[in-house]
$ cat protein24.txt   # compact mmCIF, C-alpha atoms
# COMPACT_ATOMS: atom_id res chain seq x y z
CA MET A 274 11.43 13.44 -5.13
CA LYS A 275 12.65 10.50 -3.07
CA ARG A 276 10.06 8.35 -1.27
CA LEU A 277 10.80 6.68 2.04
CA GLY A 278 9.52 3.30 3.10
CA ILE A 279 9.58 0.73 5.88
CA SER A 280 9.43 -3.06 5.97
CA VAL A 281 7.27 -5.22 8.22
CA TYR A 282 7.25 -8.95 8.89
CA PRO A 283 4.06 -9.48 10.91
CA GLU A 284 4.60 -13.23 11.34
CA HIS A 285 7.46 -12.44 13.72
CA THR A 286 5.72 -9.91 15.97
CA THR A 287 2.32 -8.75 17.17
CA THR A 288 -0.35 -7.14 15.05
CA GLU A 289 -0.46 -4.19 17.43
CA LYS A 290 3.26 -3.43 17.06
CA THR A 291 3.09 -3.79 13.28
CA TYR A 292 0.14 -1.45 12.93
CA GLU A 293 1.61 1.10 15.32
CA TYR A 294 4.86 1.09 13.33
CA ILE A 295 3.03 1.61 10.04
CA ARG A 296 0.90 4.42 11.42
CA TYR A 297 3.89 6.23 12.92
CA ALA A 298 5.90 6.00 9.69
CA GLY A 299 2.90 7.23 7.74
CA SER A 300 2.52 10.21 10.07
CA LEU A 301 6.12 11.18 9.22
CA GLY A 302 5.47 11.08 5.48
CA PHE A 303 6.78 7.60 4.62
CA LYS A 304 5.05 6.32 1.49
CA ARG A 305 5.82 2.61 1.15
CA VAL A 306 5.47 -0.58 3.17
CA PHE A 307 7.41 -3.65 2.04
CA THR A 308 6.66 -7.15 3.29
CA CYS A 309 7.70 -10.67 2.35
CA PHE A 310 5.45 -13.57 1.38
CA LEU A 311 8.42 -15.88 0.79
CA SER A 312 8.80 -16.73 4.48
CA LEU A 313 5.11 -17.29 5.30
CA THR A 314 4.07 -20.73 6.50
CA GLY A 315 0.32 -20.28 7.02
CA SER A 316 -2.42 -21.25 4.60
CA SER A 317 -3.52 -19.02 1.75
CA GLN A 318 -6.69 -18.10 3.63
CA GLU A 319 -4.71 -17.16 6.73
CA THR A 320 -2.46 -15.00 4.59
CA ILE A 321 -5.43 -13.26 3.00
CA GLU A 322 -7.12 -12.55 6.31
CA HIS A 323 -3.96 -11.37 8.03
CA PHE A 324 -2.68 -9.07 5.32
CA LYS A 325 -6.03 -7.51 4.39
CA GLY A 326 -5.90 -5.75 7.75
CA LEU A 327 -2.30 -4.68 7.23
CA THR A 328 -2.90 -3.17 3.80
CA ALA A 329 -6.00 -1.36 5.08
CA VAL A 330 -3.97 0.25 7.87
CA ALA A 331 -1.19 1.18 5.45
CA HIS A 332 -3.61 2.73 2.98
CA GLU A 333 -5.24 4.74 5.76
CA ALA A 334 -1.74 6.00 6.64
CA GLY A 335 -1.20 7.12 3.03
CA MET A 336 1.18 4.31 2.08
CA ILE A 337 1.30 1.71 -0.67
CA VAL A 338 2.15 -1.93 0.07
CA SER A 339 4.49 -4.22 -1.84
CA ALA A 340 5.10 -7.91 -1.18
CA ASP A 341 7.98 -10.15 -2.19
CA THR A 342 6.75 -13.20 -4.12
CA ASN A 343 7.96 -15.97 -6.42
CA PRO A 344 6.33 -18.75 -8.45
CA GLU A 345 6.01 -20.94 -5.33
CA VAL A 346 4.07 -18.19 -3.54
CA PHE A 347 1.78 -17.83 -6.57
CA LYS A 348 1.11 -21.56 -6.54
CA LYS A 349 0.33 -21.56 -2.82
CA MET A 350 -2.01 -18.56 -3.16
CA GLY A 351 -3.79 -19.94 -6.21
CA ALA A 352 -2.55 -17.13 -8.44
CA THR A 353 -1.04 -17.12 -11.91
CA PRO A 354 0.60 -14.41 -14.03
CA TYR A 355 -2.81 -14.10 -15.70
CA ASP A 356 -4.87 -13.97 -12.49
CA LEU A 357 -3.75 -11.77 -9.60
CA SER A 358 -7.20 -11.51 -8.02
CA VAL A 359 -6.09 -13.00 -4.70
CA PHE A 360 -3.41 -10.31 -4.34
CA LYS A 361 -5.99 -7.68 -5.27
CA GLU A 362 -8.26 -9.06 -2.54
CA ILE A 363 -5.43 -8.67 -0.04
CA GLY A 364 -5.01 -5.05 -1.13
CA LEU A 365 -1.47 -5.19 -2.49
CA ASP A 366 -0.35 -2.34 -4.71
CA VAL A 367 2.96 -3.84 -5.89
CA LEU A 368 4.09 -7.42 -6.45
CA ARG A 369 7.83 -7.97 -6.35
CA LEU A 370 8.96 -10.98 -8.36
CA ASP A 371 11.91 -12.66 -6.67
CA GLY A 372 11.76 -15.39 -9.30
CA HIS A 373 10.70 -15.70 -12.92
CA PHE A 374 7.82 -17.45 -14.64
CA GLY A 375 9.26 -17.40 -18.15
CA GLU A 376 9.65 -14.84 -20.89
CA VAL A 377 6.01 -14.86 -22.01
CA GLU A 378 4.52 -14.81 -18.50
CA ASP A 379 6.95 -12.18 -17.21
CA ILE A 380 5.69 -9.87 -19.95
CA ALA A 381 2.01 -10.85 -19.69
CA ILE A 382 1.85 -10.12 -15.97
CA THR A 383 2.60 -6.45 -16.62
CA HIS A 384 -0.81 -6.24 -18.32
CA ASN A 385 -2.75 -7.66 -15.35
CA LYS A 386 -6.35 -6.45 -15.19
CA GLU A 387 -6.10 -6.01 -11.42
CA GLY A 388 -3.90 -2.94 -11.92
CA ILE A 389 -1.11 -4.18 -9.66
CA MET A 390 2.36 -2.78 -10.33
CA ILE A 391 4.94 -5.49 -11.10
CA GLU A 392 8.34 -5.05 -9.52
CA TYR A 393 11.38 -6.89 -10.85
CA ASN A 394 14.66 -7.66 -9.13
CA ALA A 395 17.09 -4.79 -9.68
CA SER A 396 19.97 -6.86 -8.27
CA GLY A 397 19.89 -9.28 -11.19
CA THR A 398 20.46 -9.11 -14.92
CA ILE A 399 17.10 -8.75 -16.65
CA ALA A 400 16.71 -8.17 -20.38
CA ILE A 401 14.61 -5.06 -19.87
CA GLU A 402 15.06 -3.75 -23.41
CA ASN A 403 13.92 -7.08 -24.85
CA MET A 404 10.89 -7.20 -22.54
CA LEU A 405 9.80 -3.73 -23.58
CA ALA A 406 10.40 -4.53 -27.27
CA CYS A 407 8.25 -7.65 -26.90
CA GLY A 408 5.30 -5.75 -25.45
CA ALA A 409 5.79 -5.45 -21.69
CA ASP A 410 3.90 -2.49 -20.23
CA GLY A 411 6.72 -0.23 -19.08
CA GLU A 412 4.30 2.02 -17.21
CA ASN A 413 3.31 -0.91 -15.00
CA MET A 414 6.86 -2.04 -14.24
CA CYS A 415 9.32 -1.02 -11.55
CA PHE A 416 12.43 -2.49 -9.95
CA CYS A 417 13.62 -3.17 -6.40
CA SER A 418 17.09 -4.21 -5.28
CA ASN A 419 17.69 -7.14 -2.96
CA PHE A 420 18.59 -6.76 0.68
CA PHE A 421 21.22 -9.01 2.23
CA PRO A 422 20.81 -10.42 5.76
CA GLN A 423 24.18 -12.21 5.74
CA ARG A 424 27.25 -10.10 6.48
CA HIS A 425 29.77 -9.76 3.62
CA THR A 426 27.15 -10.67 0.98
CA GLY A 427 25.66 -7.25 0.16
CA MET A 428 26.16 -5.67 -3.24
CA GLY A 429 29.34 -3.84 -4.08
CA LEU A 430 28.94 -0.23 -5.11
CA ASP A 431 30.22 -0.72 -8.66
CA ARG A 432 27.85 -3.62 -9.37
CA TYR A 433 24.94 -1.73 -7.83
CA ILE A 434 25.63 1.25 -10.09
CA GLU A 435 26.04 -0.97 -13.15
CA LEU A 436 22.69 -2.72 -12.72
CA THR A 437 20.57 0.16 -11.47
CA SER A 438 21.93 2.43 -14.21
CA ARG A 439 20.72 -0.08 -16.78
CA TYR A 440 17.17 -0.01 -15.46
CA ARG A 441 17.14 3.74 -14.92
CA LYS A 442 18.14 4.25 -18.56
CA ALA A 443 15.07 2.21 -19.46
CA GLY A 444 12.95 4.67 -17.50
CA MET A 445 12.26 2.37 -14.56
CA HIS A 446 11.41 3.46 -11.00
CA ILE A 447 13.83 1.77 -8.58
CA ALA A 448 13.76 1.00 -4.85
CA SER A 449 16.74 0.10 -2.66
CA PHE A 450 17.17 -0.81 1.00
CA ILE A 451 19.01 0.72 3.91
CA THR A 452 19.25 -0.85 7.37
CA SER A 453 18.28 0.32 10.83
CA GLN A 454 20.98 0.20 13.51
CA GLU A 455 18.44 -0.35 16.28
CA LYS A 456 19.23 -3.40 18.41
CA GLY A 457 16.90 -6.37 18.17
CA THR A 458 15.69 -5.72 14.64
CA PHE A 459 14.69 -8.57 12.37
CA GLY A 460 13.70 -9.49 8.84
CA PRO A 461 11.90 -12.42 7.23
CA TRP A 462 14.70 -14.93 7.92
CA PRO A 463 16.45 -15.96 11.17
CA VAL A 464 19.51 -13.80 10.44
CA TYR A 465 19.91 -10.57 12.41
CA ASP A 466 22.82 -8.59 10.99
CA GLY A 467 21.01 -5.80 9.18
CA LEU A 468 19.23 -5.69 5.83
CA PRO A 469 21.01 -3.27 3.47
CA THR A 470 21.33 -3.43 -0.29
CA LEU A 471 24.95 -2.21 -0.21
CA GLU A 472 27.42 -4.07 1.98
CA MET A 473 29.28 -0.85 2.70
CA HIS A 474 26.14 0.45 4.44
CA ARG A 475 25.74 -2.39 6.93
CA ASP A 476 27.23 -0.62 9.95
CA LEU A 477 26.61 3.01 9.00
CA PRO A 478 24.00 5.30 10.58
CA ALA A 479 20.68 5.01 8.77
CA ASP A 480 20.58 8.68 7.78
CA LEU A 481 24.06 8.45 6.22
CA GLN A 482 22.94 5.45 4.18
CA LEU A 483 19.95 7.50 3.04
CA ARG A 484 22.08 10.52 2.14
CA HIS A 485 24.51 8.27 0.24
CA LEU A 486 21.82 6.60 -1.88
CA ALA A 487 20.28 10.00 -2.54
CA ALA A 488 23.69 11.31 -3.63
CA ILE A 489 24.18 8.37 -6.02
CA ASN A 490 20.71 9.26 -7.32
CA LEU A 491 19.81 6.02 -9.07
CA CYS A 492 16.88 4.93 -6.91
CA GLN A 493 13.72 6.86 -6.15
CA ASP A 494 12.42 4.80 -3.21
CA ILE A 495 14.59 4.11 -0.17
CA LEU A 496 13.24 1.52 2.24
CA VAL A 497 14.37 0.47 5.71
CA GLY A 498 14.81 -3.28 5.26
CA ASN A 499 14.65 -4.47 8.88
CA CYS A 500 12.18 -3.69 11.60
CA PHE A 501 11.54 -2.14 13.91
CA ALA A 502 13.64 0.97 13.30
CA SER A 503 13.52 3.26 16.30
CA ARG A 504 11.19 6.22 16.35
CA GLU A 505 14.26 8.43 16.52
CA GLU A 506 15.72 6.85 13.37
CA LEU A 507 12.47 7.18 11.45
CA LYS A 508 12.08 10.81 12.49
CA LEU A 509 15.68 11.58 11.50
CA LEU A 510 15.18 9.92 8.11
CA ALA A 511 11.97 11.87 7.53
CA GLU A 512 13.70 15.15 8.40
CA THR A 513 16.83 14.52 6.29
CA ASP A 514 17.31 17.18 3.63
CA LEU A 515 17.77 15.41 0.29
CA SER A 516 17.66 18.55 -1.85
CA ARG A 517 21.48 18.61 -1.85
CA ILE A 518 24.36 16.43 -0.68
CA ASN A 519 24.78 17.11 3.03
CA THR A 520 27.78 15.89 5.00
CA ARG A 521 28.47 16.16 8.72
CA ILE A 522 31.54 17.86 10.16
CA ASP A 523 33.60 17.69 13.33
CA LEU A 524 34.22 21.39 13.92
CA GLU A 525 37.59 22.70 15.04
CA GLU A 526 37.52 24.42 18.42
CA GLY A 527 38.07 28.16 18.48
CA ILE A 528 36.85 29.08 15.01
CA CYS A 529 35.38 32.57 14.65
CA ASP A 530 31.71 33.36 14.08
CA THR A 531 32.28 34.23 10.42
CA GLU A 532 33.97 30.88 9.80
CA ARG A 533 31.05 29.11 11.47
CA ASP A 534 28.59 31.06 9.33
CA ILE A 535 30.52 30.13 6.18
CA VAL A 536 30.69 26.44 7.10
CA PHE A 537 26.94 26.21 7.67
CA TRP A 538 25.94 28.53 4.82
CA ASP A 539 23.06 26.92 2.95
CA LYS A 540 24.03 27.62 -0.67
CA HIS A 541 27.40 25.95 -1.19
CA ALA A 542 28.07 24.79 -4.76
CA HIS A 543 31.14 23.12 -6.23
CA ARG A 544 32.78 25.23 -8.95
CA ASP A 545 32.32 24.25 -12.56
CA ASP A 546 36.05 24.67 -13.27
CA CYS A 547 37.03 22.19 -10.58
CA ASN A 548 39.90 19.75 -10.13
CA ASP A 549 40.49 16.48 -8.29
CA LEU A 550 42.22 18.09 -5.30
CA ILE A 551 39.44 20.04 -3.60
CA ILE A 552 35.74 20.75 -3.54
CA ARG A 553 35.66 24.53 -3.82
CA SER A 554 32.79 26.82 -2.81
CA SER A 555 33.77 30.33 -3.87
CA TRP A 556 30.53 32.30 -3.42
CA PRO A 557 31.04 32.78 0.34
CA ARG A 558 33.85 35.20 -0.50
CA VAL A 559 31.17 37.42 -2.05
CA VAL A 560 28.44 36.86 0.52
CA PHE A 561 30.77 37.41 3.47
CA LYS A 562 32.93 40.07 1.80
CA GLY A 563 34.51 42.53 4.21
CA LYS A 564 34.26 40.26 7.25
CA SER A 565 37.57 39.54 8.93
CA ILE A 566 38.82 35.97 9.25
CA PRO A 567 41.99 36.14 11.37
CA MET A 568 44.71 33.64 10.54
CA ARG A 569 45.21 30.83 13.05
CA GLN A 570 48.52 29.02 13.32
CA ARG A 571 48.51 25.28 12.74
CA LYS A 572 51.52 23.00 13.05
CA GLU A 573 50.23 20.57 10.43
CA LYS A 574 51.07 21.95 6.98
CA ILE A 575 49.58 19.04 5.04
CA ALA A 576 45.82 18.97 4.58
CA HIS A 577 44.25 15.53 4.27
CA ARG A 578 41.12 14.17 2.64
CA GLY A 579 38.08 15.45 4.49
CA ASP A 580 39.79 18.53 5.96
CA VAL A 581 37.66 21.67 5.63
CA LEU A 582 39.52 24.95 5.04
CA VAL A 583 38.45 28.59 4.85
CA VAL A 584 40.61 31.29 3.22
CA ASN A 585 41.63 33.85 5.86
CA ASP A 586 42.70 37.52 5.96
CA ASN A 587 46.14 36.67 4.57
CA LEU A 588 44.61 36.19 1.11
CA GLU A 589 42.04 38.97 1.08
CA HIS A 590 40.90 38.59 -2.54
CA TYR A 591 39.72 35.01 -1.89
CA ARG A 592 38.89 35.44 1.79
CA GLY A 593 35.84 33.40 2.78
CA GLU A 594 36.16 30.62 0.21
CA LEU A 595 35.52 27.16 1.61
CA TRP A 596 37.45 24.08 0.52
CA ILE A 597 36.92 20.41 1.26
CA VAL A 598 40.17 18.57 0.60
CA LEU A 599 40.02 15.45 -1.58
CA LYS A 600 43.71 14.60 -1.81
CA ASP A 601 46.64 15.41 0.46
CA LEU A 602 48.09 18.83 -0.32
CA GLU A 603 50.40 21.36 1.30
CA VAL A 604 48.67 24.50 2.57
CA SER A 605 50.06 27.87 3.63
CA ASP A 606 49.02 30.19 6.45
CA GLN A 607 46.41 31.70 4.12
CA TYR A 608 44.01 28.85 4.96
CA ASN A 609 42.38 28.13 8.30
CA PHE A 610 41.49 24.59 9.28
CA VAL A 611 37.86 24.74 10.46
CA GLY A 612 36.92 21.09 10.77
CA LYS A 613 37.03 17.56 9.45
CA ILE A 614 34.48 15.50 7.54
CA PRO A 615 34.27 12.25 9.57
CA GLU A 616 35.77 9.28 7.72
CA GLU A 617 32.47 7.43 7.32
CA GLU A 618 30.86 10.58 5.86
CA GLN A 619 33.59 10.94 3.24
CA ILE A 620 31.77 8.45 1.00
CA LEU A 621 29.62 11.44 0.03
CA LEU A 622 32.48 13.56 -1.29
CA ASP A 623 32.88 11.60 -4.53
CA TRP A 624 29.30 12.48 -5.46
CA ILE A 625 29.61 16.27 -5.23
CA LYS A 626 29.83 17.07 -8.93
CA PRO A 627 30.76 20.28 -10.79
CA ARG A 628 28.11 22.94 -10.05
CA GLY A 629 26.54 20.48 -7.60
CA LEU A 630 24.90 21.80 -4.44
CA PHE A 631 26.20 20.61 -1.11
CA GLY A 632 25.84 21.44 2.54
CA ILE A 633 27.72 20.89 5.79
CA ILE A 634 25.62 19.92 8.78
CA GLN A 635 26.18 19.03 12.41
$ encode --input "protein24.txt" --output "structure tokens"
Amino acid sequence: MKRLGISVYPEHTTTEKTYEYIRYAGSLGFKRVFTCFLSLTGSSQETIEHFKGLTAVAHEAGMIVSADTNPEVFKKMGATPYDLSVFKEIGLDVLRLDGHFGEVEDIAITHNKEGIMIEYNASGTIAIENMLACGADGENMCFCSNFFPQRHTGMGLDRYIELTSRYRKAGMHIASFITSQEKGTFGPWPVYDGLPTLEMHRDLPADLQLRHLAAINLCQDILVGNCFASREELKLLAETDLSRINTRIDLEEGICDTERDIVFWDKHAHRDDCNDLIIRSSWPRVVFKGKSIPMRQRKEKIAHRGDVLVVNDNLEHYRGELWIVLKDLEVSDQYNFVGKIPEEEQILLDWIKPRGLFGIIQ
């Protein structure tokens, strides 16, 4: 089950707005609040007093709180890898380590008596197997990817998969960031161009970023990196169905009711005996058996990636099957064009695997 989260940077806004944002996200079922101690300029006592209130509000809203730290933050707060009492006093549940203390300390901190989960940087190369072999408490470790305020600096998909796969194989819980597209959002630093983990996500709708990370299925927590996301974005994220890979469609005008019912049928599954040309859902031909699907003429005889086709009355045995085209192919008048997967949504198609469930949504 994927958990959703938000990020807050209270030093850049009012307490009232921060608390309202946390409470609203909590009411929608969000489970995590991320914040950053790296950018704080106040004294340790000011930090304690300010964030104790924030963690209390988050806990009341049913959310856990994580904070980004490094050795400099520890020094400022009077903490060490062997003494996290100041972070316990604040009420933090997770400490993210943006820097390292050293091999011995990085392992020792996982055994902290304060019971705080230690979160390592999933966007870097960490010798996780060696840490576990040397006694790190794997049950008190998790990982979180970086976010990237500067355009063109976010992680590439291949590198993201390479690193997160390594930590998932070690049994680690992983968090990654998506970015709100609301205007006027901000993060911990004076850069305002979104806060995604993946560069390819920077300009995409937030719910598509969420559906894409869920389709990749390497992280369990998905956090909005910038704030404040709009109420509409948060509500859409909370309502997004992650039980299958769902992709939007631009419907063709004039399709019949049966075609519409097939497109939005809720039990599509890619065939096990598939190929690299199409995603093929064949069960609709059984479910909708006997229902007429008149052939519609179309001048274009080449189907392109993202085109959605339904077998019509001209091929009665397979009538009702739904195809999503992956590679250009020539099609006959036995197939009706019913819509197109928008180009930005096509990033989801590569993740629909044999026997994998998928859906088409508006």
$ residues_around --input "protein24.txt" --residues "segment 451-460 of chain A" --least-positions-apart "3" --cutoff "6 Å" --atoms "all atoms listed in the file" --output "MDAnalysis selection string"
chainID A and resid 465 467:469 479 497:502
$ write_last_selection --input "protein24.txt" --atoms "C-alpha atoms" --output "short mmCIF file (atom, residue, chain, number, x, y, z; two decimals), in the frame of the given file"
data_model
loop_
_atom_site.label_atom_id
_atom_site.label_comp_id
_atom_site.auth_asym_id
_atom_site.auth_seq_id
_atom_site.Cartn_x
_atom_site.Cartn_y
_atom_site.Cartn_z
CA TYR A 465 19.91 -10.57 12.41
CA GLY A 467 21.01 -5.80 9.18
CA LEU A 468 19.23 -5.69 5.83
CA PRO A 469 21.01 -3.27 3.47
CA ALA A 479 20.68 5.01 8.77
CA VAL A 497 14.37 0.47 5.71
CA GLY A 498 14.81 -3.28 5.26
CA ASN A 499 14.65 -4.47 8.88
CA CYS A 500 12.18 -3.69 11.60
CA PHE A 501 11.54 -2.14 13.91
CA ALA A 502 13.64 0.97 13.30
#
$ residues_around --input "protein24.txt" --residues "segment 403-411 of chain A" --least-positions-apart "3" --cutoff "6 Å" --atoms "all atoms listed in the file" --output "list in words"
Ile380, Thr383, Ala400 and Met414 of chain A
$ residues_around --input "protein24.txt" --residues "segment 337-344 of chain A" --least-positions-apart "6" --cutoff "7 Å" --atoms "all atoms listed in the file" --output "NGL selection string"
:A and (304-311 or 328 or 331 or 365-374)
$ write_last_selection --input "protein24.txt" --atoms "C-alpha atoms" --output "PDB file, in the coordinates of the input"
ATOM      1  CA  LYS A 304       5.050   6.320   1.490  1.00  0.00           C
ATOM      2  CA  ARG A 305       5.820   2.610   1.150  1.00  0.00           C
ATOM      3  CA  VAL A 306       5.470  -0.580   3.170  1.00  0.00           C
ATOM      4  CA  PHE A 307       7.410  -3.650   2.040  1.00  0.00           C
ATOM      5  CA  THR A 308       6.660  -7.150   3.290  1.00  0.00           C
ATOM      6  CA  CYS A 309       7.700 -10.670   2.350  1.00  0.00           C
ATOM      7  CA  PHE A 310       5.450 -13.570   1.380  1.00  0.00           C
ATOM      8  CA  LEU A 311       8.420 -15.880   0.790  1.00  0.00           C
ATOM      9  CA  THR A 328      -2.900  -3.170   3.800  1.00  0.00           C
ATOM     10  CA  ALA A 331      -1.190   1.180   5.450  1.00  0.00           C
ATOM     11  CA  LEU A 365      -1.470  -5.190  -2.490  1.00  0.00           C
ATOM     12  CA  ASP A 366      -0.350  -2.340  -4.710  1.00  0.00           C
ATOM     13  CA  VAL A 367       2.960  -3.840  -5.890  1.00  0.00           C
ATOM     14  CA  LEU A 368       4.090  -7.420  -6.450  1.00  0.00           C
ATOM     15  CA  ARG A 369       7.830  -7.970  -6.350  1.00  0.00           C
ATOM     16  CA  LEU A 370       8.960 -10.980  -8.360  1.00  0.00           C
ATOM     17  CA  ASP A 371      11.910 -12.660  -6.670  1.00  0.00           C
ATOM     18  CA  GLY A 372      11.760 -15.390  -9.300  1.00  0.00           C
ATOM     19  CA  HIS A 373      10.700 -15.700 -12.920  1.00  0.00           C
ATOM     20  CA  PHE A 374       7.820 -17.450 -14.640  1.00  0.00           C
TER      21      PHE A 374
END
$ closest_residue --input "protein24.txt" --among "A:Leu507, A:Ala395, A:Leu357, A:Leu621" --to "Leu277 of chain A" --atoms "all atoms listed in the file"
A:Leu507
$ closest_residue --input "protein24.txt" --among "A:Leu301, A:Lys540, A:Ile551, A:Gly593" --to "Ile566 of chain A" --atoms "all atoms listed in the file"
A:Gly593
$ residues_around --input "protein24.txt" --residues "Gln318 of chain A" --least-positions-apart "4" --cutoff "9 Å" --atoms "all atoms listed in the file" --output "list in words"
Glu322, His323 and Met350 of chain A
$ residues_around --input "protein24.txt" --residues "Val536 of chain A" --least-positions-apart "6" --cutoff "12 Å" --atoms "all atoms listed in the file" --output "PyMOL selection string"
chain A and resi 519-525+528-530+554+557+561+581-584+593-597+609-614+631-635
$ axis_aligned_box --input "protein24.txt" --around "segment 459-478 of chain A" --padding-each-side "8 Å" --output "JSON"
{"center_x": 20.6, "center_y": -5.3, "center_z": 6.1, "size_x": 33.4, "size_y": 37.3, "size_z": 28.7}
$ closest_residue --input "protein24.txt" --among "A:Thr314, A:Asn585, A:Ser300, A:Ser418" --to "Gly563 of chain A" --atoms "all atoms listed in the file"
A:Asn585
$ closest_residue --input "protein24.txt" --among "A:Asp549, A:Glu603, A:Asp494, A:Glu319" --to "Glu284 of chain A" --atoms "all atoms listed in the file"
A:Glu319
$ residues_near_point --input "protein24.txt" --point "(12.9, 13.9, 4.5)" --cutoff "10 Å" --atoms "all atoms listed in the file" --output "NGL selection string"
:A and (274-277 or 301-303 or 480 or 483 or 507-516)
$ closest_residue --input "protein24.txt" --among "A:Glu402, A:Asp431, A:Asp356, A:Glu362" --to "Asn385 of chain A" --atoms "all atoms listed in the file"
A:Asp356
$ closest_residue --input "protein24.txt" --among "A:Ile391, A:Ala329, A:Ala542, A:Ile279" --to "Leu496 of chain A" --atoms "all atoms listed in the file"
A:Ile279
